[in-house]
file my_file.txt (compact mmCIF, C-alpha atoms)
# COMPACT_ATOMS: atom_id res chain seq x y z
CA MET M 23 21.67 -28.22 1.37
CA GLU M 24 21.53 -24.76 2.96
CA TYR M 25 19.57 -24.16 6.17
CA PHE M 26 18.13 -21.18 8.04
CA LEU M 27 16.89 -21.62 11.62
CA GLY M 28 17.24 -25.36 11.13
CA ILE M 29 14.90 -25.43 8.10
CA ASP M 30 16.18 -26.14 4.60
CA TYR M 31 15.75 -23.47 1.92
CA PRO M 32 13.18 -25.35 -0.24
CA THR M 33 10.95 -25.88 2.80
CA LEU M 34 11.26 -22.21 3.76
CA TRP M 35 10.30 -21.16 0.25
CA TYR M 36 7.36 -23.60 0.38
CA LEU M 37 6.18 -21.79 3.53
CA VAL M 38 6.69 -18.36 1.93
CA ILE M 39 4.60 -19.29 -1.11
CA GLY M 40 1.94 -20.80 1.15
CA LEU M 41 1.70 -17.58 3.14
CA LEU M 42 1.47 -15.48 -0.02
CA PHE M 43 -1.36 -17.52 -1.50
CA SER M 44 -3.12 -17.61 1.89
CA GLY M 45 -2.96 -13.81 1.97
CA TYR M 46 -4.36 -13.70 -1.54
CA ALA M 47 -7.22 -16.06 -0.66
CA ILE M 48 -8.15 -14.10 2.47
CA LEU M 49 -8.03 -10.61 0.95
CA GLU M 50 -9.39 -11.43 -2.49
CA GLY M 51 -11.85 -13.82 -0.87
CA PHE M 52 -14.08 -11.01 0.37
CA ASP M 53 -13.42 -9.17 -2.91
CA PHE M 54 -14.74 -11.99 -5.08
CA GLY M 55 -17.39 -12.86 -2.53
CA ALA M 56 -18.78 -9.32 -2.59
CA GLY M 57 -18.93 -9.50 -6.37
CA ALA M 58 -20.67 -12.88 -6.29
CA TRP M 59 -23.54 -11.32 -4.29
CA HIS M 60 -23.83 -8.34 -6.65
CA LEU M 61 -26.86 -9.53 -8.63
CA PHE M 62 -28.69 -10.37 -5.37
CA LEU M 63 -28.74 -6.63 -4.64
CA LYS M 64 -31.70 -5.21 -6.54
CA LYS M 65 -31.27 -1.44 -6.31
CA ASP M 66 -28.72 0.53 -8.30
CA LEU M 67 -27.71 2.47 -5.18
CA SER M 68 -27.10 -0.76 -3.26
CA ARG M 69 -24.90 -2.08 -6.06
CA ARG M 70 -22.91 1.15 -6.14
CA VAL M 71 -22.35 0.99 -2.40
CA ALA M 72 -21.23 -2.66 -2.67
CA ILE M 73 -18.73 -1.87 -5.42
CA ASN M 74 -17.38 1.14 -3.54
CA ALA M 75 -16.94 -1.01 -0.43
CA ILE M 76 -14.11 -2.82 -2.21
CA ALA M 77 -13.09 0.08 -4.50
CA PRO M 78 -10.07 1.29 -2.46
CA VAL M 79 -8.58 -2.19 -1.99
CA TRP M 80 -9.56 -4.60 -4.78
CA ASP M 81 -6.63 -3.83 -7.07
CA ALA M 82 -4.15 -3.66 -4.17
CA ASN M 83 -5.27 -7.12 -3.04
CA GLN M 84 -4.12 -8.54 -6.37
CA VAL M 85 -0.55 -7.69 -5.39
CA TRP M 86 -0.58 -10.95 -3.43
CA LEU M 87 -1.30 -12.92 -6.61
CA VAL M 88 1.44 -11.16 -8.54
CA ILE M 89 4.01 -11.71 -5.78
CA GLY M 90 2.82 -15.28 -5.18
CA GLY M 91 3.03 -16.17 -8.87
CA GLY M 92 6.46 -14.57 -9.12
CA ALA M 93 7.65 -16.40 -6.01
CA LEU M 94 6.39 -19.71 -7.39
CA PHE M 95 8.17 -19.13 -10.71
CA ALA M 96 11.40 -18.03 -9.02
CA GLY M 97 11.48 -20.71 -6.32
CA PHE M 98 9.97 -23.74 -8.06
CA PRO M 99 10.18 -23.17 -11.85
CA VAL M 100 9.58 -26.86 -12.64
CA MET M 101 6.32 -26.84 -10.68
CA TYR M 102 5.28 -23.56 -12.32
CA ALA M 103 5.81 -24.95 -15.83
CA THR M 104 4.19 -28.31 -15.13
CA MET M 105 1.11 -26.86 -13.45
CA LEU M 106 0.53 -24.34 -16.22
CA SER M 107 0.75 -27.16 -18.77
CA ALA M 108 -1.80 -29.21 -16.84
CA MET M 109 -4.11 -26.31 -15.94
CA TYR M 110 -3.72 -24.14 -19.03
CA VAL M 111 -7.44 -23.75 -19.75
CA PRO M 112 -8.58 -22.80 -16.20
CA PHE M 113 -5.68 -20.36 -15.86
CA MET M 114 -6.53 -18.66 -19.16
CA LEU M 115 -10.17 -18.44 -18.08
CA PHE M 116 -9.02 -17.06 -14.74
CA LEU M 117 -7.06 -14.28 -16.45
CA MET M 118 -9.94 -13.50 -18.82
CA PHE M 119 -12.45 -13.17 -15.98
CA ASN M 120 -10.00 -11.01 -14.01
CA VAL M 121 -9.76 -8.59 -16.94
CA LEU M 122 -13.54 -8.51 -17.40
CA ARG M 123 -14.09 -7.97 -13.67
CA ALA M 124 -11.67 -5.05 -13.54
CA ALA M 125 -13.32 -3.49 -16.60
CA ALA M 126 -16.77 -3.88 -15.01
CA ILE M 127 -15.67 -2.11 -11.82
CA LYS M 128 -14.17 0.76 -13.80
CA PHE M 129 -16.87 1.20 -16.45
CA ARG M 130 -20.08 0.23 -14.66
CA SER M 131 -21.04 3.67 -13.38
CA ASP M 132 -19.56 5.73 -16.25
CA GLU M 133 -22.91 5.90 -18.04
CA GLU M 134 -26.47 6.33 -16.78
CA MET M 135 -28.17 3.99 -19.28
CA LEU M 136 -29.94 1.09 -17.60
CA TRP M 137 -28.77 -1.48 -20.16
CA TRP M 138 -25.16 -0.33 -19.73
CA ARG M 139 -25.19 -0.78 -15.97
CA LYS M 140 -27.05 -4.08 -16.08
CA THR M 141 -24.57 -5.48 -18.61
CA TRP M 142 -21.58 -4.59 -16.49
CA ASP M 143 -23.36 -5.79 -13.34
CA ILE M 144 -23.79 -9.23 -14.92
CA ILE M 145 -20.17 -9.28 -16.12
CA TYR M 146 -18.90 -8.22 -12.70
CA SER M 147 -20.90 -10.79 -10.76
CA VAL M 148 -20.37 -13.71 -13.15
CA SER M 149 -16.63 -12.95 -13.34
CA SER M 150 -16.34 -12.89 -9.54
CA ILE M 151 -18.19 -16.20 -9.26
CA MET M 152 -16.11 -17.86 -11.97
CA ILE M 153 -12.78 -16.68 -10.54
CA ALA M 154 -13.63 -18.10 -7.11
CA PHE M 155 -14.89 -21.35 -8.65
CA LEU M 156 -11.82 -21.77 -10.89
CA LEU M 157 -9.43 -21.24 -7.97
CA GLY M 158 -11.17 -24.09 -6.16
CA VAL M 159 -11.09 -26.27 -9.28
CA VAL M 160 -7.32 -25.83 -9.57
CA LEU M 161 -6.89 -26.65 -5.87
CA GLY M 162 -9.05 -29.77 -6.24
CA ASN M 163 -6.92 -30.99 -9.14
CA ILE M 164 -3.72 -30.37 -7.18
CA LEU M 165 -5.05 -32.49 -4.31
CA GLN M 166 -5.97 -35.34 -6.65
CA GLY M 167 -2.82 -35.24 -8.72
CA PHE M 168 -2.05 -35.15 -12.43
CA PRO M 169 -0.96 -37.78 -14.99
CA LEU M 170 2.71 -36.78 -14.99
CA GLY M 171 5.29 -38.87 -16.82
CA GLU M 172 9.05 -38.72 -17.13
CA ASN M 173 10.62 -35.28 -16.76
CA HIS M 174 7.34 -34.18 -15.13
CA THR M 175 5.60 -33.93 -18.52
CA TYR M 176 1.81 -33.65 -18.38
CA GLN M 177 0.15 -36.53 -20.24
CA GLY M 178 -3.53 -35.81 -19.63
CA GLY M 179 -6.27 -34.13 -21.61
CA VAL M 180 -6.32 -30.45 -22.50
CA PHE M 181 -9.77 -28.90 -22.57
CA PHE M 182 -12.14 -30.36 -19.99
CA SER M 183 -10.06 -32.84 -18.00
CA PHE M 184 -9.86 -30.34 -15.14
CA LEU M 185 -13.63 -30.57 -14.62
CA ASN M 186 -13.76 -33.79 -12.59
CA PRO M 187 -16.28 -34.36 -9.75
CA TYR M 188 -13.85 -33.68 -6.90
CA ALA M 189 -12.48 -30.49 -8.46
CA ILE M 190 -16.03 -29.23 -9.03
CA LEU M 191 -16.90 -29.91 -5.38
CA VAL M 192 -13.82 -28.03 -4.18
CA GLY M 193 -14.72 -25.23 -6.61
CA PHE M 194 -18.18 -24.81 -5.09
CA THR M 195 -16.76 -25.03 -1.57
CA THR M 196 -14.29 -22.26 -2.37
CA LEU M 197 -17.03 -20.14 -3.91
CA SER M 198 -19.29 -20.61 -0.87
CA LEU M 199 -16.47 -19.67 1.54
CA PHE M 200 -15.65 -16.56 -0.50
CA MET M 201 -19.33 -15.57 -0.58
CA THR M 202 -19.52 -15.91 3.20
CA GLN M 203 -16.38 -13.80 3.54
CA GLY M 204 -17.76 -11.21 1.11
CA ALA M 205 -21.10 -10.88 2.89
CA ILE M 206 -19.37 -10.35 6.25
CA PHE M 207 -17.10 -7.69 4.77
CA LEU M 208 -20.04 -5.86 3.17
CA LEU M 209 -21.88 -5.91 6.51
CA LEU M 210 -18.93 -4.04 8.01
CA LYS M 211 -19.11 -1.42 5.26
CA THR M 212 -22.87 -0.81 4.93
CA GLU M 213 -25.88 0.35 6.93
CA GLY M 214 -29.66 0.70 6.68
CA ARG M 215 -31.75 -1.50 4.37
CA LEU M 216 -28.74 -2.78 2.49
CA HIS M 217 -27.21 -3.93 5.76
CA ALA M 218 -30.44 -5.77 6.64
CA ARG M 219 -30.51 -7.39 3.20
CA LEU M 220 -26.92 -8.56 3.59
CA THR M 221 -27.74 -10.11 6.96
CA LEU M 222 -30.15 -12.47 5.18
CA LEU M 223 -27.66 -13.14 2.40
CA LEU M 224 -24.97 -14.02 4.93
CA LYS M 225 -27.20 -16.72 6.41
CA LYS M 226 -27.68 -18.21 2.94
CA GLY M 227 -23.94 -17.99 2.28
CA MET M 228 -23.08 -19.80 5.52
CA LEU M 229 -25.65 -22.53 4.78
CA PHE M 230 -24.18 -22.88 1.27
CA PHE M 231 -20.69 -23.27 2.74
CA ILE M 232 -21.68 -25.76 5.45
CA ILE M 233 -23.42 -27.99 2.87
CA THR M 234 -20.62 -27.88 0.28
CA PHE M 235 -17.90 -28.23 2.91
CA GLY M 236 -19.62 -31.25 4.43
CA ILE M 237 -20.13 -32.96 1.05
CA THR M 238 -16.54 -32.27 -0.04
CA THR M 239 -15.12 -33.55 3.24
CA LEU M 240 -17.20 -36.75 3.00
CA TYR M 241 -16.19 -37.27 -0.64
CA THR M 242 -12.53 -36.81 0.31
CA LEU M 243 -12.67 -39.36 3.11
CA ILE M 244 -14.49 -41.97 1.01
CA PHE M 245 -13.01 -41.61 -2.47
CA ILE M 246 -9.59 -40.00 -1.86
CA PRO M 247 -8.34 -41.66 1.33
CA GLU M 248 -4.70 -40.95 0.40
CA VAL M 249 -5.38 -37.29 1.18
CA THR M 250 -5.60 -38.19 4.88
CA GLU M 251 -2.57 -40.51 4.85
CA THR M 252 -0.21 -37.85 6.17
CA PHE M 253 -2.49 -37.21 9.14
CA ARG M 254 -2.77 -40.90 9.95
CA ASN M 255 1.02 -41.17 9.91
CA ASN M 256 1.43 -38.01 12.03
CA PRO M 257 -1.37 -37.88 14.65
CA ILE M 258 -0.17 -34.48 15.87
CA TYR M 259 -1.35 -33.02 12.56
CA PHE M 260 -4.96 -33.72 13.55
CA GLY M 261 -4.80 -30.50 15.54
CA ALA M 262 -5.10 -28.58 12.25
CA PRO M 263 -8.48 -30.03 11.12
CA ILE M 264 -9.83 -29.68 14.67
CA LEU M 265 -8.90 -26.00 14.67
CA SER M 266 -10.46 -25.65 11.20
CA PHE M 267 -13.80 -27.03 12.36
CA LEU M 268 -13.74 -24.78 15.44
CA ALA M 269 -13.06 -21.74 13.23
CA VAL M 270 -15.90 -22.72 10.87
CA ALA M 271 -18.30 -23.15 13.80
CA ASN M 272 -17.38 -19.75 15.22
CA VAL M 273 -18.39 -17.80 12.11
CA PRO M 274 -22.21 -18.28 12.39
CA ARG M 275 -22.03 -17.90 16.17
CA LEU M 276 -20.31 -14.52 15.93
CA ALA M 277 -22.48 -13.40 13.01
CA SER M 278 -25.63 -14.14 15.00
CA LYS M 279 -24.28 -11.81 17.71
CA LYS M 280 -23.52 -9.15 15.07
CA LYS M 281 -19.80 -9.32 15.88
CA TYR M 282 -18.92 -9.03 12.22
CA MET M 283 -15.29 -8.04 12.63
CA LEU M 284 -14.59 -11.14 14.69
CA ALA M 285 -16.64 -13.20 12.23
CA LEU M 286 -14.41 -11.88 9.43
CA VAL M 287 -11.32 -12.82 11.45
CA PHE M 288 -12.57 -16.36 11.95
CA SER M 289 -13.66 -16.81 8.34
CA SER M 290 -10.17 -15.65 7.32
CA LEU M 291 -8.70 -18.06 9.85
CA THR M 292 -10.83 -20.81 8.31
CA MET M 293 -9.27 -20.12 4.90
CA ALA M 294 -5.76 -20.08 6.33
CA LEU M 295 -6.28 -23.33 8.26
CA LEU M 296 -7.83 -25.15 5.29
CA LEU M 297 -4.92 -24.11 3.07
CA GLY M 298 -2.61 -25.19 5.89
CA LEU M 299 -4.26 -28.63 5.78
CA VAL M 300 -3.52 -28.80 2.06
CA ALA M 301 0.10 -27.79 2.66
CA LEU M 302 0.54 -30.42 5.39
CA GLN M 303 -1.00 -33.12 3.22
CA LEU M 304 1.13 -32.40 0.16
CA TYR M 305 4.52 -31.68 1.78
CA PRO M 306 7.12 -32.25 0.43
CA THR M 307 5.21 -32.90 -2.80
CA LEU M 308 4.02 -30.03 -4.95
CA LEU M 309 2.27 -31.96 -7.73
CA ILE M 310 1.31 -35.62 -7.35
CA SER M 311 1.83 -37.94 -10.31
CA THR M 312 -1.07 -40.38 -10.73
CA ILE M 313 1.05 -42.47 -13.11
CA ASP M 314 3.97 -43.18 -10.78
CA PRO M 315 4.99 -41.42 -7.53
CA LYS M 316 8.58 -41.20 -8.78
CA PHE M 317 7.40 -38.70 -11.41
CA SER M 318 5.85 -36.38 -8.81
CA VAL M 319 7.11 -32.81 -8.50
CA THR M 320 8.56 -32.12 -5.06
CA ILE M 321 10.07 -29.08 -3.38
CA TYR M 322 13.50 -30.66 -3.89
CA ASN M 323 13.42 -31.68 -7.55
CA ALA M 324 11.58 -28.50 -8.57
CA ALA M 325 13.56 -25.91 -6.60
CA SER M 326 15.93 -23.29 -7.95
CA SER M 327 19.57 -23.34 -6.86
CA GLN M 328 20.38 -22.95 -3.18
CA LYS M 329 22.08 -19.61 -3.89
CA SER M 330 18.98 -18.28 -5.69
CA LEU M 331 16.69 -19.37 -2.86
CA GLY M 332 19.01 -17.76 -0.29
CA ILE M 333 19.02 -14.43 -2.13
CA MET M 334 15.24 -14.48 -2.52
CA LEU M 335 14.70 -15.33 1.15
CA THR M 336 16.80 -12.27 2.03
CA ILE M 337 14.53 -10.16 -0.18
CA VAL M 338 11.51 -11.66 1.61
CA LEU M 339 12.91 -10.66 5.01
CA ILE M 340 13.30 -7.08 3.79
CA GLY M 341 10.06 -6.83 1.82
CA THR M 342 7.63 -8.47 4.25
CA PRO M 343 7.55 -5.60 6.79
CA LEU M 344 7.14 -3.09 3.94
CA LEU M 345 4.22 -5.04 2.45
CA ALA M 346 2.58 -5.48 5.87
CA GLY M 347 2.97 -1.77 6.63
CA TYR M 348 1.45 -0.79 3.29
CA PHE M 349 -1.65 -2.94 3.77
CA PHE M 350 -2.07 -1.82 7.38
CA PHE M 351 -2.02 1.81 6.21
CA LEU M 352 -4.41 1.05 3.32
CA TYR M 353 -7.07 -0.68 5.40
CA LYS M 354 -6.71 1.78 8.27
CA THR M 355 -7.21 4.71 5.91
CA PHE M 356 -10.36 3.31 4.30
CA ASN M 357 -11.90 1.88 7.45
CA GLY M 358 -15.58 2.63 8.17
CA LYS M 359 -18.91 2.73 6.35
CA VAL M 360 -19.16 3.54 2.64
CA LYS M 361 -20.20 7.09 1.75
CA LEU M 362 -20.86 7.87 -1.91
CA ASP M 363 -19.53 11.11 -3.36
CA ASP M 364 -18.39 12.54 -6.70
CA THR M 365 -15.26 10.37 -6.72
CA SER M 366 -17.15 7.10 -6.18
CA TYR M 367 -17.66 4.46 -8.86

call {"tool": "encode", "arguments": {"input": "my_file.txt", "output": "C-alpha cells"}}
result
Amino acid sequence: MEYFLGIDYPTLWYLVIGLLFSGYAILEGFDFGAGAWHLFLKKDLSRRVAINAIAPVWDANQVWLVIGGGALFAGFPVMYATMLSAMYVPFMLFLMFNVLRAAAIKFRSDEEMLWWRKTWDIIYSVSSIMIAFLLGVVLGNILQGFPLGENHTYQGGVFFSFLNPYAILVGFTTLSLFMTQGAIFLLLKTEGRLHARLTLLLKKGMLFFIITFGITTLYTLIFIPEVTETFRNNPIYFGAPILSFLAVANVPRLASKKKYMLALVFSSLTMALLLGLVALQLYPTLLISTIDPKFSVTIYNAASSQKSLGIMLTIVLIGTPLLAGYFFFLYKTFNGKVKLDDTSY
C-alpha cells in the first residue's frame, strides 16, 4: 500500500472525490435553488434578472460534476459501475433534466411570445427542482445501502425501488437547502422590488429547510441507528454534527441582519459539513450491502491500482490551483448586481 503524508492512496482519493462533490453541491446548489424559485417570481423582468444572475457561472459550475464523475470512475471503477446499476433510473432522469434546464436557459428569451416564455419557465423551474431532489434521493439511498450480492452485483428492483421514504426525505431536505442557498445568492445579485420579494422567499426557504432537516434527522436516529454507529464509536466525530447545527443556526441570524454574503458562506459551510458527516459515517465503505456486509463496496476493494492512484493524485496537485484560480477569476469578474443589456438572456 502506497502512502502520502501518512495517508494511504485510496483514502486520499476518497477525500479528493468528497471535495469535488462538495464543490459541486455548493456551487450548483445556488444554481438549482435559484431555478427552483423561478415560478415564484411573477414578472417577466424579474425572471430575466434571476436567470441572468446565474448566466455567467451556471455552465462553469458543472465542471465540478464532470471532474467528480471522472475522478470517481478513475479512482473507484467498481463503485462507479455498481452505483450506476443500482441508481440507473434516477441518474438517467438527472441527465434528462440537466439537458432540459440548459435548453430552457438558452431558449427562454429568444422569442417574445408569452406561451413560449411560460413553457420554458416551467421547464427551467421543474428541472431545477427535480435535479436537486434526485441528488438527495441518491444520497439517501447511499446512506441506507443497496441489496448487493457476490461480486458487488445489484440484486434490487429497477424502476421505483429508489423511491423509499428515507430517500424521499433526504431529497426534500436537499431541495430545501438548495432553495435557501439560491435565494441568498439572488439577494446578492438583485435590488428593488425583486430584492424585497426574495427576502420573503428566503424566509420560506429557511423554514422549509428547518422542517425537512429536523424530520430527516429524527427519522435517521429512530429508524436508521446504524448511521450514527461511527459517531458512537468515535466520540471525537461529534464535533462535526455540532458544527453543522451551528452553521445552520447562523444562516437565519445573518439573513435577518441582511449580511447575505456571510449567510451564503454559512449555508455553503452547512452543505460541506453535512457531506462531511456522510463521509465520516461511510468511511471506509462506499456502498453498503444490505444483504451481507462482506459484499459491501469499500475504498480498498473498489480502488484502481496504486500506480494509477499515484499518477492521478499528482495530476490533482497540479490541477487544483489552476481550477481554483479559474473560479476565483470567474466570480470576481461577474461580481455585483445584475444589469440587463443586449447580451443578456

call {"tool": "residues_around", "arguments": {"input": "my_file.txt", "residues": "Leu209 (chain M)", "least_positions_apart": "5", "cutoff": "9 Å", "atoms": "all atoms listed in the file", "output": "compact mmCIF listing (two decimals) with C-alpha atoms, in the coordinates of the input"}}
result
# COMPACT_ATOMS: atom_id res chain seq x y z
CA GLY M 204 -17.76 -11.21 1.11
CA LEU M 216 -28.74 -2.78 2.49
CA HIS M 217 -27.21 -3.93 5.76
CA ALA M 218 -30.44 -5.77 6.64
CA LEU M 220 -26.92 -8.56 3.59
CA THR M 221 -27.74 -10.11 6.96
CA LEU M 224 -24.97 -14.02 4.93
CA TYR M 282 -18.92 -9.03 12.22

call {"tool": "residues_around", "arguments": {"input": "my_file.txt", "residues": "region 267-278 of chain M", "least_positions_apart": "6", "cutoff": "6 Å", "atoms": "all atoms listed in the file", "output": "list in words"}}
result
Ala285, Phe288 and Thr292 of chain M

call {"tool": "atom_distance", "arguments": {"input": "my_file.txt", "atom1": "CA of Phe119 (chain M)", "atom2": "CA of Met293 (chain M)"}}
result
22.2 Å

call {"tool": "residues_around", "arguments": {"input": "my_file.txt", "residues": "Ser326 (chain M)", "least_positions_apart": "4", "cutoff": "7 Å", "atoms": "only C-alpha atoms", "output": "number ranges by chain"}}
result
M: 97-99, 330-331

call {"tool": "residues_around", "arguments": {"input": "my_file.txt", "residues": "Ser327 (chain M)", "least_positions_apart": "5", "cutoff": "12 Å", "atoms": "all atoms listed in the file", "output": "MDAnalysis selection string"}}
result
chainID M and resid 23:24 31:32 35 96:99 321:322 332:334

call {"tool": "closest_residue", "arguments": {"input": "my_file.txt", "among": "M:Leu302, M:Val192, M:Leu49, M:Val287", "to": "Ala82 (chain M)", "atoms": "only C-alpha atoms"}}
result
M:Leu49

call {"tool": "residues_near_point", "arguments": {"input": "my_file.txt", "point": "(5.1, -36.7, -11.2)", "cutoff": "9 Å", "atoms": "only C-alpha atoms", "output": "VMD selection string"}}
result
chain M and resid 167 to 176 309 to 320

call {"tool": "atom_distance", "arguments": {"input": "my_file.txt", "atom1": "CA of Ile127 (chain M)", "atom2": "CA of Lys226 (chain M)"}}
result
24.9 Å

call {"tool": "atom_distance", "arguments": {"input": "my_file.txt", "atom1": "CA of Ala154 (chain M)", "atom2": "CA of Thr202 (chain M)"}}
result
12.1 Å

call {"tool": "closest_residue", "arguments": {"input": "my_file.txt", "among": "M:Ser266, M:Gly158, M:Gly178, M:Lys329", "to": "Phe194 (chain M)", "atoms": "all atoms listed in the file"}}
result
M:Gly158

call {"tool": "residues_around", "arguments": {"input": "my_file.txt", "residues": "Leu299 (chain M)", "least_positions_apart": "5", "cutoff": "9 Å", "atoms": "only C-alpha atoms", "output": "ChimeraX atom specification"}}
result
/M:259,262-263,266,294,304
